[in-house]
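The structure appears below as structure tokens.
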Amino acid sequence: MAYWLLKSEPDSFSWADQVASGAKGEPWTGVRNHQAKNFLKQMAIGDLAFFYHTGNEKQIVGVVEVIKTAYPDPTDLAWFAVDVAARDALKWPVSLARIKADPALAELALVKSPRLSVQPVSDDHWHYLLSKG
């Protein structure tokens with residue numbers, strides 16, 4: 001199993017929207033970065049991802065599960081999407097400020113490549129962040 005972080009603008013698609021989609025999940029569309037596209041193509045069914053609110057919130061708010069692997073993005077067939085379903089909300093959101101202030105997370109992609117909308121998360125970082133939220 002691999003771990004990921006997926007960013008979403010909460011005004012466009014929020015954690016509440018993801019939860020409302022239920023077990024059928026929701027396509028993760030709109031990724032327009034080649035590195036992020038390649039990460040989408042690496043995802044497998046059962047992989048888990050942090051759901052990260054961008055914009056004013058800048059925080060991890062939940063966990064989603066990949067339920068369908070990469071396929072052509074219906075919003076632009078030159079790109080890719082995956083389907084994800086809400087799994088768990090974090091008890092306490094983990095803010096970007098808190099992440100950046102924690103030396104144990106200095107190598108996290110969110111710190112090193114903050115603009116990337118789809119990012120891998122190491123096993124160690126995954127479990128550490130879960131313990132914080």
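Each chain of the structure tokens is named A, B, ... in the order shown, its residues numbered from 1; ligands are numbered from 1 in display order.
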task = Quick one: everything within 12 Å of Gln35 of chain A, counting only C-alpha atoms, minus sequence neighbours fewer than 6 positions away in the same chain. Send it as an MDAnalysis selection string.
result = chainID A and resid 41:42 79:80 113 115:120
With N, CA, C and O atoms retained, could you export that selection as a PDB file, in the first residue's frame?
```
ATOM      1  N   LYS A  41      -1.005   8.053 -11.789  1.00  0.00           N
ATOM      2  CA  LYS A  41      -0.876   6.804 -12.539  1.00  0.00           C
ATOM      3  C   LYS A  41      -0.250   5.691 -11.698  1.00  0.00           C
ATOM      4  O   LYS A  41      -0.417   4.519 -12.010  1.00  0.00           O
ATOM      5  N   GLN A  42       0.442   6.043 -10.622  1.00  0.00           N
ATOM      6  CA  GLN A  42       1.066   5.046  -9.745  1.00  0.00           C
ATOM      7  C   GLN A  42       0.108   4.520  -8.677  1.00  0.00           C
ATOM      8  O   GLN A  42       0.382   3.506  -8.036  1.00  0.00           O
ATOM      9  N   TRP A  79      -5.249  14.171 -19.720  1.00  0.00           N
ATOM     10  CA  TRP A  79      -4.758  14.029 -18.353  1.00  0.00           C
ATOM     11  C   TRP A  79      -5.413  12.821 -17.697  1.00  0.00           C
ATOM     12  O   TRP A  79      -6.152  12.099 -18.343  1.00  0.00           O
ATOM     13  N   PHE A  80      -5.149  12.601 -16.409  1.00  0.00           N
ATOM     14  CA  PHE A  80      -5.668  11.426 -15.714  1.00  0.00           C
ATOM     15  C   PHE A  80      -6.398  11.799 -14.443  1.00  0.00           C
ATOM     16  O   PHE A  80      -6.161  12.855 -13.861  1.00  0.00           O
ATOM     17  N   SER A 113       7.901  20.600  -1.750  1.00  0.00           N
ATOM     18  CA  SER A 113       7.266  20.917  -3.041  1.00  0.00           C
ATOM     19  C   SER A 113       5.822  21.345  -2.788  1.00  0.00           C
ATOM     20  O   SER A 113       4.873  20.661  -3.185  1.00  0.00           O
ATOM     21  N   ARG A 115       3.661  23.350  -3.961  1.00  0.00           N
ATOM     22  CA  ARG A 115       2.687  23.662  -5.013  1.00  0.00           C
ATOM     23  C   ARG A 115       2.121  22.411  -5.686  1.00  0.00           C
ATOM     24  O   ARG A 115       1.123  22.483  -6.384  1.00  0.00           O
ATOM     25  N   LEU A 116       2.742  21.258  -5.488  1.00  0.00           N
ATOM     26  CA  LEU A 116       2.321  20.028  -6.142  1.00  0.00           C
ATOM     27  C   LEU A 116       1.001  19.535  -5.557  1.00  0.00           C
ATOM     28  O   LEU A 116       0.871  19.345  -4.356  1.00  0.00           O
ATOM     29  N   SER A 117       0.009  19.289  -6.414  1.00  0.00           N
ATOM     30  CA  SER A 117      -1.348  18.967  -5.956  1.00  0.00           C
ATOM     31  C   SER A 117      -1.557  17.493  -5.604  1.00  0.00           C
ATOM     32  O   SER A 117      -2.532  17.143  -4.946  1.00  0.00           O
ATOM     33  N   VAL A 118      -0.665  16.628  -6.054  1.00  0.00           N
ATOM     34  CA  VAL A 118      -0.691  15.207  -5.717  1.00  0.00           C
ATOM     35  C   VAL A 118       0.722  14.844  -5.304  1.00  0.00           C
ATOM     36  O   VAL A 118       1.661  15.078  -6.068  1.00  0.00           O
ATOM     37  N   GLN A 119       0.864  14.297  -4.096  1.00  0.00           N
ATOM     38  CA  GLN A 119       2.199  14.055  -3.554  1.00  0.00           C
ATOM     39  C   GLN A 119       2.272  12.708  -2.863  1.00  0.00           C
ATOM     40  O   GLN A 119       1.317  12.299  -2.201  1.00  0.00           O
ATOM     41  N   PRO A 120       3.421  12.038  -2.965  1.00  0.00           N
ATOM     42  CA  PRO A 120       3.600  10.823  -2.178  1.00  0.00           C
ATOM     43  C   PRO A 120       3.892  11.187  -0.718  1.00  0.00           C
ATOM     44  O   PRO A 120       4.408  12.269  -0.427  1.00  0.00           O
TER      45      PRO A 120
END
```
inquiry  = Neighbouring residues of Leu96 of chain A were defined as those with any atom within 9 Å, considering only C-alpha atoms; residues of the same chain fewer than 6 positions away were excluded. Please report them as a PyMOL selection string.
reply    = chain A and resi 57-60+110-111
Those same residues, written as a CSV table (one decimal), in the first residue's frame with C-alpha atoms?
```csv
chain,number,residue,atom,x,y,z
A,57,GLU,CA,-7.4,26.7,5.5
A,58,LYS,CA,-4.1,25.0,4.5
A,59,GLN,CA,-4.6,21.8,6.5
A,60,ILE,CA,-5.1,18.0,6.3
A,110,LEU,CA,4.3,19.2,1.2
A,111,VAL,CA,7.2,21.1,2.8
```
message = Using only C-alpha atoms, can you tell me which of A:Ala49, A:Ala20, A:Leu40, A:Val94 comes closest to Lys132 of chain A?
response =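 Once distances to Lys132 of chain A are computed over only C-alpha atoms, the minimum belongs to A:Val94.
Minimum distance to Gly30 of chain A across A:Ala2, A:Leu108, A:Leu130, A:Leu77 (counting only C-alpha atoms) occurs at A:Leu77.
As for atom CA of Leu5 of chain A and atom CA of Phe50 of chain A, they are spaced 4.5 Å apart.
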request  = Assign secondary structure with DSSP using the backbone only, and return the residues of chain A in strand (DSSP E) as a ChimeraX atom specification.
outcome  = /A:3-8,26-28,48-53,59-73,76-95,118-121
query = atom CA of His53 of chain A and atom CA of Asp17 of chain A, how far apart in Å?
reply = 11.9 Å
task = Find the residue from A:Trp92, A:Trp15, A:Phe51, A:Tyr128 that sits nearest to Val63 of chain A; use only C-alpha atoms when measuring.
result = A:Phe51
inquiry  = Using Å and a single decimal, report how far atom CA of Ala70 of chain A sits from atom CA of Leu90 of chain A.
reply    = 25.8 Å
key: Within 6 Å of Ala85 of chain A using only C-alpha atoms, minus same-chain residues under 3 positions, as a list in words   =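 Result of the neighbour search: Ala23, Gly25, Val64 and Glu65 of chain A.
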ask   = What are the DSSP alpha helix (DSSP H) residues of chain A, as a ChimeraX atom specification?
value = /A:15-20,34-42,96-101,109-112,123-132
Just-selected residues, N, CA and C atoms written as an mmCIF file, in the first residue's frame:
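Output file selection-v3.cif is given in full below:
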```cif
data_model
loop_
_atom_site.group_PDB
_atom_site.id
_atom_site.type_symbol
_atom_site.label_atom_id
_atom_site.label_comp_id
_atom_site.auth_asym_id
_atom_site.auth_seq_id
_atom_site.Cartn_x
_atom_site.Cartn_y
_atom_site.Cartn_z
ATOM 1 N N TRP A 15 -13.929 18.613 1.929
ATOM 2 C CA TRP A 15 -14.043 17.336 2.629
ATOM 3 C C TRP A 15 -15.521 16.954 2.788
ATOM 4 N N ALA A 16 -16.360 17.923 3.127
ATOM 5 C CA ALA A 16 -17.793 17.650 3.267
ATOM 6 C C ALA A 16 -18.378 17.139 1.953
ATOM 7 N N ASP A 17 -17.941 17.690 0.823
ATOM 8 C CA ASP A 17 -18.393 17.210 -0.484
ATOM 9 C C ASP A 17 -17.944 15.763 -0.705
ATOM 10 N N GLN A 18 -16.693 15.485 -0.326
ATOM 11 C CA GLN A 18 -16.159 14.130 -0.486
ATOM 12 C C GLN A 18 -16.967 13.145 0.346
ATOM 13 N N VAL A 19 -17.244 13.500 1.591
ATOM 14 C CA VAL A 19 -18.022 12.634 2.478
ATOM 15 C C VAL A 19 -19.423 12.414 1.903
ATOM 16 N N ALA A 20 -20.026 13.459 1.365
ATOM 17 C CA ALA A 20 -21.379 13.366 0.811
ATOM 18 C C ALA A 20 -21.448 12.421 -0.388
ATOM 19 N N HIS A 34 2.568 17.517 -14.772
ATOM 20 C CA HIS A 34 3.052 16.215 -15.238
ATOM 21 C C HIS A 34 3.540 15.324 -14.094
ATOM 22 N N GLN A 35 4.221 15.886 -13.120
ATOM 23 C CA GLN A 35 4.687 15.081 -11.999
ATOM 24 C C GLN A 35 3.496 14.543 -11.195
ATOM 25 N N ALA A 36 2.509 15.402 -10.948
ATOM 26 C CA ALA A 36 1.306 14.974 -10.230
ATOM 27 C C ALA A 36 0.552 13.915 -11.032
ATOM 28 N N LYS A 37 0.488 14.088 -12.357
ATOM 29 C CA LYS A 37 -0.164 13.095 -13.228
ATOM 30 C C LYS A 37 0.514 11.739 -13.083
ATOM 31 N N ASN A 38 1.834 11.736 -13.045
ATOM 32 C CA ASN A 38 2.563 10.477 -12.898
ATOM 33 C C ASN A 38 2.277 9.824 -11.548
ATOM 34 N N PHE A 39 2.102 10.629 -10.514
ATOM 35 C CA PHE A 39 1.739 10.067 -9.213
ATOM 36 C C PHE A 39 0.347 9.437 -9.270
ATOM 37 N N LEU A 40 -0.598 10.091 -9.934
ATOM 38 C CA LEU A 40 -1.935 9.512 -10.093
ATOM 39 C C LEU A 40 -1.856 8.150 -10.777
ATOM 40 N N LYS A 41 -1.005 8.053 -11.789
ATOM 41 C CA LYS A 41 -0.876 6.804 -12.539
ATOM 42 C C LYS A 41 -0.250 5.691 -11.698
ATOM 43 N N GLN A 42 0.442 6.043 -10.622
ATOM 44 C CA GLN A 42 1.066 5.046 -9.745
ATOM 45 C C GLN A 42 0.108 4.520 -8.677
ATOM 46 N N LEU A 96 -0.769 23.390 7.900
ATOM 47 C CA LEU A 96 0.515 23.534 7.221
ATOM 48 C C LEU A 96 1.525 24.209 8.138
ATOM 49 N N ALA A 97 1.095 25.187 8.897
ATOM 50 C CA ALA A 97 2.015 25.870 9.823
ATOM 51 C C ALA A 97 2.587 24.875 10.827
ATOM 52 N N ARG A 98 1.745 24.007 11.345
ATOM 53 C CA ARG A 98 2.199 22.999 12.304
ATOM 54 C C ARG A 98 3.164 22.008 11.640
ATOM 55 N N ILE A 99 2.850 21.625 10.410
ATOM 56 C CA ILE A 99 3.712 20.710 9.663
ATOM 57 C C ILE A 99 5.081 21.335 9.431
ATOM 58 N N LYS A 100 5.102 22.588 8.974
ATOM 59 C CA LYS A 100 6.377 23.264 8.693
ATOM 60 C C LYS A 100 7.207 23.495 9.951
ATOM 61 N N ALA A 101 6.547 23.623 11.087
ATOM 62 C CA ALA A 101 7.260 23.867 12.344
ATOM 63 C C ALA A 101 7.841 22.593 12.953
ATOM 64 N N ALA A 109 6.968 15.987 1.255
ATOM 65 C CA ALA A 109 6.797 16.680 -0.031
ATOM 66 C C ALA A 109 6.007 17.973 0.129
ATOM 67 N N LEU A 110 5.054 18.011 1.033
ATOM 68 C CA LEU A 110 4.255 19.219 1.248
ATOM 69 C C LEU A 110 5.129 20.399 1.682
ATOM 70 N N VAL A 111 6.217 20.109 2.360
ATOM 71 C CA VAL A 111 7.159 21.143 2.797
ATOM 72 C C VAL A 111 8.137 21.473 1.668
ATOM 73 N N LYS A 112 8.623 20.450 0.976
ATOM 74 C CA LYS A 112 9.658 20.640 -0.045
ATOM 75 C C LYS A 112 9.104 21.060 -1.409
ATOM 76 N N ASP A 123 5.793 6.081 4.483
ATOM 77 C CA ASP A 123 5.129 5.341 5.563
ATOM 78 C C ASP A 123 5.332 6.037 6.903
ATOM 79 N N ASP A 124 6.577 6.429 7.177
ATOM 80 C CA ASP A 124 6.873 7.077 8.457
ATOM 81 C C ASP A 124 6.105 8.390 8.622
ATOM 82 N N HIS A 125 6.109 9.218 7.582
ATOM 83 C CA HIS A 125 5.382 10.492 7.651
ATOM 84 C C HIS A 125 3.880 10.258 7.784
ATOM 85 N N TRP A 126 3.365 9.253 7.084
ATOM 86 C CA TRP A 126 1.937 8.939 7.150
ATOM 87 C C TRP A 126 1.524 8.655 8.600
ATOM 88 N N HIS A 127 2.217 7.721 9.225
ATOM 89 C CA HIS A 127 1.852 7.324 10.583
ATOM 90 C C HIS A 127 2.071 8.457 11.587
ATOM 91 N N TYR A 128 3.127 9.214 11.369
ATOM 92 C CA TYR A 128 3.394 10.354 12.249
ATOM 93 C C TYR A 128 2.291 11.395 12.135
ATOM 94 N N LEU A 129 1.889 11.733 10.926
ATOM 95 C CA LEU A 129 0.820 12.725 10.730
ATOM 96 C C LEU A 129 -0.508 12.216 11.275
ATOM 97 N N LEU A 130 -0.792 10.940 11.092
ATOM 98 C CA LEU A 130 -2.035 10.388 11.665
ATOM 99 C C LEU A 130 -2.056 10.527 13.190
ATOM 100 N N SER A 131 -0.896 10.385 13.798
ATOM 101 C CA SER A 131 -0.834 10.513 15.264
ATOM 102 C C SER A 131 -1.052 11.953 15.710
ATOM 103 N N LYS A 132 -0.868 12.905 14.825
ATOM 104 C CA LYS A 132 -1.051 14.331 15.143
ATOM 105 C C LYS A 132 -2.483 14.784 14.917
#
```
message = Please determine, counting only C-alpha atoms, which residue among A:Ser14, A:Thr69, A:Thr54, A:Ser8 has the shortest atom-to-atom distance to Val31 of chain A.
response = A:Ser8
